There are 2 protein chains.
Amino acid sequence: MTAAEMQASPQGKAPAQAGALVISIDAMGGDLGPAATVGGIAKAAHANAELRFIVHGPREQLEPLIAQHGLGDRVDLRHAERVVTMEDKPAQVMRSGKDTSMWSAIESVRAHEADVAVSCGNTGALMAVSMIRLRKIPGVNRPAIASFWPSRGPAGWNVMLDMGADVKADAEDLLTYALMGTSYARNALGLETPRVGLLNVGTEEHKGRAELKEAHELIRNAEAAGGLKFVGFVEGNELAGDRADVIVTDGFTGNVALKTGEGTAKFVSALMKEALTSSLLAKLGALLAMGALKKLQAKVDPRRANGGVFLGLNGTVVKSHGSADATSFAAAIDLAARLAKSGFGAKLAARVASALPSGQDGATGADPAPENSESSQ
Amino acid sequence: MTAAEMQASPQGKAPAQAGALVISIDAMGGDLGPAATVGGIAKAAHANAELRFIVHGPREQLEPLIAQHGLGDRVDLRHAERVVTMEDKPAQVMRSGKDTSMWSAIESVRAHEADVAVSCGNTGALMAVSMIRLRKIPGVNRPAIASFWPSRGPAGWNVMLDMGADVKADAEDLLTYALMGTSYARNALGLETPRVGLLNVGTEEHKGRAELKEAHELIRNAEAAGGLKFVGFVEGNELAGDRADVIVTDGFTGNVALKTGEGTAKFVSALMKEALTSSLLAKLGALLAMGALKKLQAKVDPRRANGGVFLGLNGTVVKSHGSADATSFAAAIDLAARLAKSGFGAKLAARVASALPSGQDGATGADPAPENSESSQ
């Protein structure tokens, strides 16, 4: 298969040939520079022969790296002069970021050259550029960022959203998040009827903020059309639990929870490491248990779950962690490839259109992909 | 000393004698019943001869337990017929809860019979009863619940508030939380000039919700009068970190963060346990490292940090975890005793009065405890 593909792309270009999954890559803006992103492309390309890449960034930096990894026949390099830094303000990038690798990467999705874009750059800028270039799908007021969270659930991961696309969300936004999160869990985790929980400070129906009580009502009424099972309010301890597969909250709370969870896991692991090196006996014990501890480390390795996905736009964008190394960036590409292969974008749009109250009159103009094609994923 | 005290209380009553620290205890409403709370009293009484207790609950249940622990000379038992359950709604307890052990326990603080009250009952009801019986101190619009969080900080714990007294907080509430949290960290953790951070989704000044930007300004301006050092915005990963000793947020976010952190720590610990029993070699290793792991477990044992404190009322109330066992409840009593001994309530009121903008005209009527008496703790 690789040979046939090589033949089909004699100039080292990624063709939009039938069956190829084309991923648009912003190679710049990560903490570790293009060595990490191109390294990630090499890993992903090696693991999945179906993949083609359109890679965006300064030619003089990227060309040697692409050659070094022997990726010439899998990659279409697009020169982009400038790089969006972590300090750049979103509004500024929106105004004058046309010549950046980030903008260029999103542009390939807008032009339907690529199915999905992947970037490890500045989240705020990436969301801003994605919003103005890809536009929101009908029925979505606030797009969201969805992330995986290691859990006791059947897939080993829960989906949580919004992780910080917007600091606010009203009841209708929360309903949209529930629908989009369901579609995402179905396509990315293979769960037929995901269980959805609404994050709150208690599980009783009278608890919490007004918009949460309203959203509780809206999501319950959307169970059938959304293809989800609503389990009601859940608390912070259920993020890693087995009560819900999809946890819905506003972007402020989601972002704080994500970072609190990451911080806690890191803190506990560091204490554990200190304990296991605190005495000779402990060191010996740690040595014997090394194999099991390594397996555990791999299981909860945040690099394996790398990739927040922007939901609610005409096109899918995967945001990799800014500090992603090659392994981690390859995981984000793998996620992007799975979503591209399942035709996720069109399915999500159809699901939102069919389940939102405003979609019932057929006036939303969403992609008419049949619903059962989604549940078959 | 115990003999002298026994002489001073021949009828088994806790006297309001000079130098005695009197703690009012709601013995009911916890998941493990009065055996756990009276067991906790026994531990605390044994560790600290200064303590006297006023214990509230059904006489027929408590009398045998108090006798069994030989606490007759340290305890004044107050019969209260009814118990507030975890299912009772706060509004309902406020209307018709006068004959409950919870109400009675707060009443002892209001009547100045006890310095602090401790309860492991229903948080919402406890806050509601505390609010109507003790009333807010001048300058405080929303009281808050402050908790400890295991951390890399100098005291080994950070203080976080609000943990769920109110689901909302505006900029002035957040300033009040900063002042109250500072006073709490100084008196409970012995930090002279606590560092205060405001929880947000980024550390840049332009980030987050409008009330956070406003609170940023207010807290910065209150640095000198509040006796605090403001470190600006912090993110969720800093809850266990060493950048801030006091982390300020609204009660919704605080509650979600607390439960997310607890859930994550539990999840990681459970995975660790699974890993260390997954093979014969791992089990052997765990056996050798047992001493070090036990020490670690003790260090992060949530029972050691048991006790959320209600701040901003005329009187101090310590909320123990509902599932507290005797060890855990004793830790909550120990915290209450430390606060009582430092004269915390009056100091907090004075600090709020002197640092809030409205306090500058001296019209708040707060307790005139001199400020330097607070910093001497």
# chains A, B, ... in the order shown; residues from 1 in each chain; ligands from 1
$ interface_residues --of "chain B" --to "chain A" --cutoff "6 Å" --atoms "only C-alpha atoms" --output "ChimeraX atom specification"
/B:236-237,253,256-257,259-261,263-264,275,281-282,285-286,288-289,292
$ select_by_dssp --residues "stretch 125-246 of chain B" --states "helix (DSSP H, G or I)" --output "compact mmCIF listing (two decimals) with N, CA, C and O atoms, in the first residue's frame"
# COMPACT_ATOMS: atom_id res chain seq x y z
N ALA B 125 -27.30 23.21 55.57
CA ALA B 125 -28.11 23.52 56.75
C ALA B 125 -27.25 24.18 57.81
O ALA B 125 -27.67 25.16 58.46
N LEU B 126 -26.03 23.70 57.99
CA LEU B 126 -25.14 24.26 59.01
C LEU B 126 -24.82 25.72 58.70
O LEU B 126 -24.82 26.57 59.59
N MET B 127 -24.57 26.01 57.41
CA MET B 127 -24.31 27.39 57.02
C MET B 127 -25.55 28.25 57.24
O MET B 127 -25.46 29.38 57.74
N ALA B 128 -26.72 27.73 56.88
CA ALA B 128 -27.97 28.50 57.03
C ALA B 128 -28.23 28.82 58.50
O ALA B 128 -28.53 29.97 58.85
N VAL B 129 -28.11 27.83 59.36
CA VAL B 129 -28.35 28.05 60.79
C VAL B 129 -27.31 29.00 61.36
O VAL B 129 -27.62 29.92 62.14
N SER B 130 -26.04 28.83 60.94
CA SER B 130 -24.98 29.72 61.43
C SER B 130 -25.24 31.16 61.02
O SER B 130 -25.04 32.10 61.79
N MET B 131 -25.71 31.34 59.78
CA MET B 131 -25.99 32.68 59.27
C MET B 131 -27.08 33.36 60.08
O MET B 131 -26.92 34.52 60.49
N ILE B 132 -28.21 32.67 60.32
CA ILE B 132 -29.31 33.37 60.99
C ILE B 132 -29.07 33.52 62.49
O ILE B 132 -29.54 34.46 63.10
N ARG B 133 -28.33 32.61 63.10
CA ARG B 133 -28.10 32.73 64.54
C ARG B 133 -26.89 33.59 64.87
O ARG B 133 -26.93 34.38 65.81
N LEU B 134 -25.81 33.45 64.12
CA LEU B 134 -24.59 34.20 64.45
C LEU B 134 -24.51 35.54 63.73
O LEU B 134 -23.89 36.47 64.21
N ALA B 171 -16.76 40.89 42.80
CA ALA B 171 -15.39 41.33 43.05
C ALA B 171 -15.17 41.69 44.53
O ALA B 171 -14.15 41.35 45.12
N GLU B 172 -16.16 42.35 45.16
CA GLU B 172 -15.98 42.73 46.57
C GLU B 172 -15.99 41.51 47.48
O GLU B 172 -15.28 41.47 48.49
N ASP B 173 -16.80 40.50 47.13
CA ASP B 173 -16.78 39.26 47.91
C ASP B 173 -15.40 38.62 47.82
O ASP B 173 -14.86 38.14 48.82
N LEU B 174 -14.83 38.64 46.62
CA LEU B 174 -13.51 38.01 46.44
C LEU B 174 -12.44 38.75 47.25
O LEU B 174 -11.55 38.13 47.82
N LEU B 175 -12.56 40.08 47.34
CA LEU B 175 -11.66 40.84 48.20
C LEU B 175 -11.83 40.41 49.66
O LEU B 175 -10.86 40.18 50.37
N THR B 176 -13.10 40.31 50.09
CA THR B 176 -13.36 39.89 51.47
C THR B 176 -12.77 38.49 51.73
O THR B 176 -12.17 38.24 52.78
N TYR B 177 -12.91 37.59 50.75
CA TYR B 177 -12.34 36.25 50.89
C TYR B 177 -10.82 36.33 51.06
O TYR B 177 -10.23 35.60 51.86
N ALA B 178 -10.21 37.22 50.28
CA ALA B 178 -8.75 37.37 50.37
C ALA B 178 -8.34 37.80 51.78
O ALA B 178 -7.39 37.28 52.36
N LEU B 179 -9.10 38.77 52.34
CA LEU B 179 -8.78 39.27 53.68
C LEU B 179 -9.02 38.20 54.74
O LEU B 179 -8.21 37.99 55.64
N MET B 180 -10.16 37.51 54.62
CA MET B 180 -10.49 36.48 55.62
C MET B 180 -9.54 35.29 55.51
O MET B 180 -9.10 34.74 56.52
N GLY B 181 -9.22 34.91 54.28
CA GLY B 181 -8.30 33.79 54.07
C GLY B 181 -6.91 34.10 54.61
O GLY B 181 -6.24 33.24 55.18
N THR B 182 -6.50 35.35 54.46
CA THR B 182 -5.21 35.79 54.99
C THR B 182 -5.18 35.66 56.51
O THR B 182 -4.24 35.12 57.10
N SER B 183 -6.24 36.16 57.14
CA SER B 183 -6.32 36.10 58.59
C SER B 183 -6.34 34.64 59.06
O SER B 183 -5.69 34.28 60.05
N TYR B 184 -7.05 33.81 58.33
CA TYR B 184 -7.12 32.38 58.67
C TYR B 184 -5.76 31.71 58.53
O TYR B 184 -5.31 30.97 59.41
N ALA B 185 -5.07 31.98 57.42
CA ALA B 185 -3.75 31.37 57.20
C ALA B 185 -2.77 31.82 58.28
O ALA B 185 -1.92 31.05 58.73
N ARG B 186 -2.89 33.08 58.71
CA ARG B 186 -1.99 33.59 59.72
C ARG B 186 -2.23 32.89 61.06
O ARG B 186 -1.30 32.46 61.74
N ASN B 187 -3.52 32.72 61.42
CA ASN B 187 -3.85 32.16 62.72
C ASN B 187 -3.81 30.63 62.76
O ASN B 187 -3.47 30.05 63.78
N ALA B 188 -4.18 29.99 61.66
CA ALA B 188 -4.22 28.53 61.68
C ALA B 188 -2.91 27.91 61.21
O ALA B 188 -2.55 26.82 61.64
N LEU B 189 -2.19 28.59 60.32
CA LEU B 189 -0.94 28.02 59.78
C LEU B 189 0.30 28.77 60.25
O LEU B 189 1.42 28.34 59.97
N ALA B 210 -15.07 39.22 34.06
CA ALA B 210 -14.98 40.64 34.43
C ALA B 210 -14.76 40.83 35.93
O ALA B 210 -13.93 41.63 36.34
N GLU B 211 -15.49 40.07 36.76
CA GLU B 211 -15.38 40.28 38.22
C GLU B 211 -13.98 39.92 38.71
O GLU B 211 -13.53 40.43 39.74
N LEU B 212 -13.29 39.05 37.97
CA LEU B 212 -11.94 38.67 38.39
C LEU B 212 -10.95 39.80 38.13
O LEU B 212 -10.04 40.03 38.92
N LYS B 213 -11.13 40.49 37.01
CA LYS B 213 -10.24 41.61 36.72
C LYS B 213 -10.43 42.71 37.76
O LYS B 213 -9.47 43.32 38.23
N GLU B 214 -11.68 42.92 38.13
CA GLU B 214 -11.99 43.94 39.14
C GLU B 214 -11.42 43.52 40.51
O GLU B 214 -10.82 44.33 41.22
N ALA B 215 -11.59 42.25 40.85
CA ALA B 215 -11.09 41.76 42.14
C ALA B 215 -9.56 41.85 42.18
O ALA B 215 -8.97 42.15 43.23
N HIS B 216 -8.92 41.63 41.05
CA HIS B 216 -7.46 41.73 40.94
C HIS B 216 -7.00 43.10 41.41
O HIS B 216 -6.07 43.23 42.23
N GLU B 217 -7.69 44.11 40.93
CA GLU B 217 -7.41 45.51 41.29
C GLU B 217 -7.65 45.75 42.79
O GLU B 217 -6.81 46.33 43.48
N LEU B 218 -8.80 45.29 43.28
CA LEU B 218 -9.17 45.51 44.69
C LEU B 218 -8.19 44.85 45.65
O LEU B 218 -7.78 45.45 46.64
N ILE B 219 -7.81 43.61 45.35
CA ILE B 219 -6.92 42.89 46.27
C ILE B 219 -5.53 43.53 46.25
O ILE B 219 -4.89 43.68 47.28
N ARG B 220 -5.08 43.93 45.05
CA ARG B 220 -3.77 44.57 44.96
C ARG B 220 -3.73 45.83 45.83
O ARG B 220 -2.75 46.08 46.53
N ASN B 221 -4.83 46.58 45.80
CA ASN B 221 -4.87 47.80 46.59
C ASN B 221 -4.99 47.55 48.10
O ASN B 221 -4.77 48.46 48.90
N GLU B 223 -3.30 45.21 49.77
CA GLU B 223 -2.14 44.47 50.26
C GLU B 223 -1.66 44.94 51.63
O GLU B 223 -1.51 44.13 52.55
N ALA B 224 -1.44 46.23 51.77
CA ALA B 224 -0.87 46.75 53.01
C ALA B 224 -1.85 46.60 54.17
O ALA B 224 -1.52 46.02 55.21
N ALA B 225 -3.07 47.09 53.99
CA ALA B 225 -4.06 47.03 55.07
C ALA B 225 -4.43 45.59 55.42
O ALA B 225 -4.75 45.29 56.57
N GLY B 226 -4.38 44.71 54.45
CA GLY B 226 -4.77 43.32 54.69
C GLY B 226 -3.64 42.47 55.24
O GLY B 226 -3.86 41.34 55.66
N GLY B 236 -5.36 26.37 38.28
CA GLY B 236 -5.73 25.21 39.10
C GLY B 236 -4.55 24.37 39.56
O GLY B 236 -4.60 23.79 40.65
N ASN B 237 -3.49 24.31 38.77
CA ASN B 237 -2.34 23.49 39.16
C ASN B 237 -1.58 24.08 40.34
O ASN B 237 -0.76 23.40 40.95
N GLU B 238 -1.88 25.34 40.70
CA GLU B 238 -1.19 25.97 41.83
C GLU B 238 -1.87 25.71 43.18
O GLU B 238 -1.38 26.15 44.22
$ residues_around --residues "A:Ile23" --least-positions-apart "4" --cutoff "8 Å" --atoms "only C-alpha atoms" --output "MDAnalysis selection string"
chainID A and resid 51:54 114:118 333 336:337
$ residues_around --residues "B:Ala36" --least-positions-apart "2" --cutoff "6 Å" --atoms "only C-alpha atoms" --output "compact mmCIF listing (two decimals) with all heavy atoms, in the first residue's frame"
# COMPACT_ATOMS: atom_id res chain seq x y z
N LEU B 32 -21.20 8.29 60.33
CA LEU B 32 -20.87 7.18 61.23
C LEU B 32 -21.55 7.31 62.59
O LEU B 32 -21.30 6.53 63.50
CB LEU B 32 -19.36 7.09 61.42
CG LEU B 32 -18.53 6.93 60.13
CD1 LEU B 32 -17.05 6.82 60.46
CD2 LEU B 32 -19.00 5.72 59.34
N PRO B 34 -22.97 9.02 66.34
CA PRO B 34 -22.31 9.64 67.50
C PRO B 34 -21.13 8.83 68.04
O PRO B 34 -20.30 9.40 68.76
CB PRO B 34 -23.45 9.73 68.53
CG PRO B 34 -24.47 8.74 68.09
CD PRO B 34 -24.36 8.64 66.61
N VAL B 38 -18.17 11.16 69.43
CA VAL B 38 -17.75 11.07 70.84
C VAL B 38 -16.36 10.44 70.92
O VAL B 38 -15.53 10.85 71.74
CB VAL B 38 -18.80 10.30 71.69
CG1 VAL B 38 -18.32 10.18 73.13
CG2 VAL B 38 -20.14 11.02 71.64
N GLY B 39 -16.08 9.50 70.02
CA GLY B 39 -14.72 8.95 69.94
C GLY B 39 -13.71 10.04 69.62
O GLY B 39 -12.61 10.08 70.18
N ASP B 325 -14.35 9.86 60.75
CA ASP B 325 -14.25 8.88 61.84
C ASP B 325 -13.69 9.60 63.06
O ASP B 325 -13.51 10.83 63.04
CB ASP B 325 -13.39 7.68 61.42
CG ASP B 325 -11.97 8.09 61.08
OD1 ASP B 325 -11.58 9.24 61.34
OD2 ASP B 325 -11.23 7.24 60.54
N ALA B 326 -13.40 8.85 64.12
CA ALA B 326 -12.96 9.49 65.37
C ALA B 326 -11.66 10.29 65.16
O ALA B 326 -11.55 11.42 65.63
CB ALA B 326 -12.77 8.43 66.46
$ select_by_dssp --residues "stretch 142-362 of chain A" --states "strand (DSSP E or B)" --output "PyMOL selection string"
chain A and resi 144-150+157-161+195-199+229-234+246-248+308-311+313+316-319
$ closest_residue --among "A:His79, A:Arg195, A:Arg74, A:Lys319" --to "A:Leu335" --atoms "only C-alpha atoms"
A:Lys319
$ atom_distance --atom1 "atom CA of A:Asp88" --atom2 "atom CA of A:Leu339"
29.0 Å
$ decode --residues "stretch 108-120 of chain B" --atoms "all heavy atoms" --output "PDB file, in the first residue's frame"
ATOM      1  N   SER B 108     -24.906  27.656  71.415  1.00  0.00           N
ATOM      2  CA  SER B 108     -23.891  27.796  72.476  1.00  0.00           C
ATOM      3  C   SER B 108     -22.825  28.824  72.104  1.00  0.00           C
ATOM      4  O   SER B 108     -22.276  29.503  72.971  1.00  0.00           O
ATOM      5  CB  SER B 108     -23.209  26.449  72.751  1.00  0.00           C
ATOM      6  OG  SER B 108     -24.091  25.596  73.429  1.00  0.00           O
ATOM      7  N   VAL B 109     -22.518  28.937  70.810  1.00  0.00           N
ATOM      8  CA  VAL B 109     -21.544  29.938  70.365  1.00  0.00           C
ATOM      9  C   VAL B 109     -22.184  31.330  70.432  1.00  0.00           C
ATOM     10  O   VAL B 109     -21.572  32.294  70.871  1.00  0.00           O
ATOM     11  CB  VAL B 109     -21.030  29.635  68.942  1.00  0.00           C
ATOM     12  CG1 VAL B 109     -20.146  30.764  68.424  1.00  0.00           C
ATOM     13  CG2 VAL B 109     -20.257  28.321  68.930  1.00  0.00           C
ATOM     14  N   ARG B 110     -23.428  31.384  69.991  1.00  0.00           N
ATOM     15  CA  ARG B 110     -24.124  32.672  70.002  1.00  0.00           C
ATOM     16  C   ARG B 110     -24.220  33.234  71.430  1.00  0.00           C
ATOM     17  O   ARG B 110     -24.088  34.435  71.661  1.00  0.00           O
ATOM     18  CB  ARG B 110     -25.531  32.516  69.426  1.00  0.00           C
ATOM     19  CG  ARG B 110     -26.165  33.837  69.006  1.00  0.00           C
ATOM     20  CD  ARG B 110     -27.605  33.648  68.576  1.00  0.00           C
ATOM     21  NE  ARG B 110     -28.479  33.372  69.705  1.00  0.00           N
ATOM     22  CZ  ARG B 110     -29.116  34.313  70.402  1.00  0.00           C
ATOM     23  NH1 ARG B 110     -28.986  35.585  70.087  1.00  0.00           N
ATOM     24  NH2 ARG B 110     -29.875  33.981  71.419  1.00  0.00           N
ATOM     25  N   ALA B 111     -24.446  32.321  72.402  1.00  0.00           N
ATOM     26  CA  ALA B 111     -24.609  32.742  73.796  1.00  0.00           C
ATOM     27  C   ALA B 111     -23.263  32.926  74.505  1.00  0.00           C
ATOM     28  O   ALA B 111     -23.219  33.125  75.718  1.00  0.00           O
ATOM     29  CB  ALA B 111     -25.457  31.714  74.534  1.00  0.00           C
ATOM     30  N   HIS B 112     -22.164  32.825  73.745  1.00  0.00           N
ATOM     31  CA  HIS B 112     -20.806  32.973  74.287  1.00  0.00           C
ATOM     32  C   HIS B 112     -20.463  31.941  75.359  1.00  0.00           C
ATOM     33  O   HIS B 112     -19.599  32.170  76.193  1.00  0.00           O
ATOM     34  CB  HIS B 112     -20.590  34.396  74.832  1.00  0.00           C
ATOM     35  CG  HIS B 112     -20.755  35.453  73.790  1.00  0.00           C
ATOM     36  ND1 HIS B 112     -19.880  35.622  72.743  1.00  0.00           N
ATOM     37  CD2 HIS B 112     -21.728  36.369  73.605  1.00  0.00           C
ATOM     38  CE1 HIS B 112     -20.303  36.621  71.977  1.00  0.00           C
ATOM     39  NE2 HIS B 112     -21.432  37.088  72.463  1.00  0.00           N
ATOM     40  N   GLU B 113     -21.166  30.803  75.339  1.00  0.00           N
ATOM     41  CA  GLU B 113     -20.803  29.705  76.247  1.00  0.00           C
ATOM     42  C   GLU B 113     -19.602  28.945  75.707  1.00  0.00           C
ATOM     43  O   GLU B 113     -18.854  28.326  76.446  1.00  0.00           O
ATOM     44  CB  GLU B 113     -21.955  28.717  76.362  1.00  0.00           C
ATOM     45  CG  GLU B 113     -23.167  29.214  77.106  1.00  0.00           C
ATOM     46  CD  GLU B 113     -24.185  28.088  77.156  1.00  0.00           C
ATOM     47  OE1 GLU B 113     -24.795  27.799  76.097  1.00  0.00           O
ATOM     48  OE2 GLU B 113     -24.363  27.489  78.229  1.00  0.00           O
ATOM     49  N   ALA B 114     -19.493  28.917  74.374  1.00  0.00           N
ATOM     50  CA  ALA B 114     -18.390  28.191  73.730  1.00  0.00           C
ATOM     51  C   ALA B 114     -17.697  29.123  72.746  1.00  0.00           C
ATOM     52  O   ALA B 114     -18.306  30.060  72.225  1.00  0.00           O
ATOM     53  CB  ALA B 114     -18.917  26.964  72.990  1.00  0.00           C
ATOM     54  N   ASP B 115     -16.416  28.843  72.496  1.00  0.00           N
ATOM     55  CA  ASP B 115     -15.652  29.694  71.583  1.00  0.00           C
ATOM     56  C   ASP B 115     -15.881  29.332  70.124  1.00  0.00           C
ATOM     57  O   ASP B 115     -15.879  30.183  69.246  1.00  0.00           O
ATOM     58  CB  ASP B 115     -14.156  29.575  71.903  1.00  0.00           C
ATOM     59  CG  ASP B 115     -13.843  29.994  73.330  1.00  0.00           C
ATOM     60  OD1 ASP B 115     -14.170  31.154  73.667  1.00  0.00           O
ATOM     61  OD2 ASP B 115     -13.336  29.175  74.099  1.00  0.00           O
ATOM     62  N   VAL B 116     -16.043  28.048  69.860  1.00  0.00           N
ATOM     63  CA  VAL B 116     -16.165  27.545  68.489  1.00  0.00           C
ATOM     64  C   VAL B 116     -17.140  26.380  68.509  1.00  0.00           C
ATOM     65  O   VAL B 116     -17.232  25.655  69.500  1.00  0.00           O
ATOM     66  CB  VAL B 116     -14.792  27.036  67.971  1.00  0.00           C
ATOM     67  CG1 VAL B 116     -14.890  26.614  66.511  1.00  0.00           C
ATOM     68  CG2 VAL B 116     -13.708  28.089  68.138  1.00  0.00           C
ATOM     69  N   ALA B 117     -17.869  26.173  67.385  1.00  0.00           N
ATOM     70  CA  ALA B 117     -18.718  24.987  67.253  1.00  0.00           C
ATOM     71  C   ALA B 117     -18.138  24.062  66.180  1.00  0.00           C
ATOM     72  O   ALA B 117     -17.540  24.536  65.213  1.00  0.00           O
ATOM     73  CB  ALA B 117     -20.137  25.391  66.870  1.00  0.00           C
ATOM     74  N   VAL B 118     -18.323  22.755  66.370  1.00  0.00           N
ATOM     75  CA  VAL B 118     -17.885  21.765  65.390  1.00  0.00           C
ATOM     76  C   VAL B 118     -19.058  20.851  65.051  1.00  0.00           C
ATOM     77  O   VAL B 118     -19.754  20.377  65.957  1.00  0.00           O
ATOM     78  CB  VAL B 118     -16.718  20.901  65.931  1.00  0.00           C
ATOM     79  CG1 VAL B 118     -16.252  19.904  64.877  1.00  0.00           C
ATOM     80  CG2 VAL B 118     -15.555  21.770  66.391  1.00  0.00           C
ATOM     81  N   SER B 119     -19.265  20.611  63.748  1.00  0.00           N
ATOM     82  CA  SER B 119     -20.345  19.721  63.324  1.00  0.00           C
ATOM     83  C   SER B 119     -19.918  18.959  62.086  1.00  0.00           C
ATOM     84  O   SER B 119     -19.161  19.483  61.269  1.00  0.00           O
ATOM     85  CB  SER B 119     -21.604  20.540  62.983  1.00  0.00           C
ATOM     86  OG  SER B 119     -22.597  19.728  62.390  1.00  0.00           O
ATOM     87  N   CYS B 120     -20.369  17.715  61.951  1.00  0.00           N
ATOM     88  CA  CYS B 120     -20.117  17.021  60.679  1.00  0.00           C
ATOM     89  C   CYS B 120     -21.425  16.810  59.933  1.00  0.00           C
ATOM     90  O   CYS B 120     -21.532  15.939  59.075  1.00  0.00           O
ATOM     91  CB  CYS B 120     -19.332  15.738  60.861  1.00  0.00           C
ATOM     92  SG  CYS B 120     -19.960  14.594  62.052  1.00  0.00           S
TER      93      CYS B 120
END
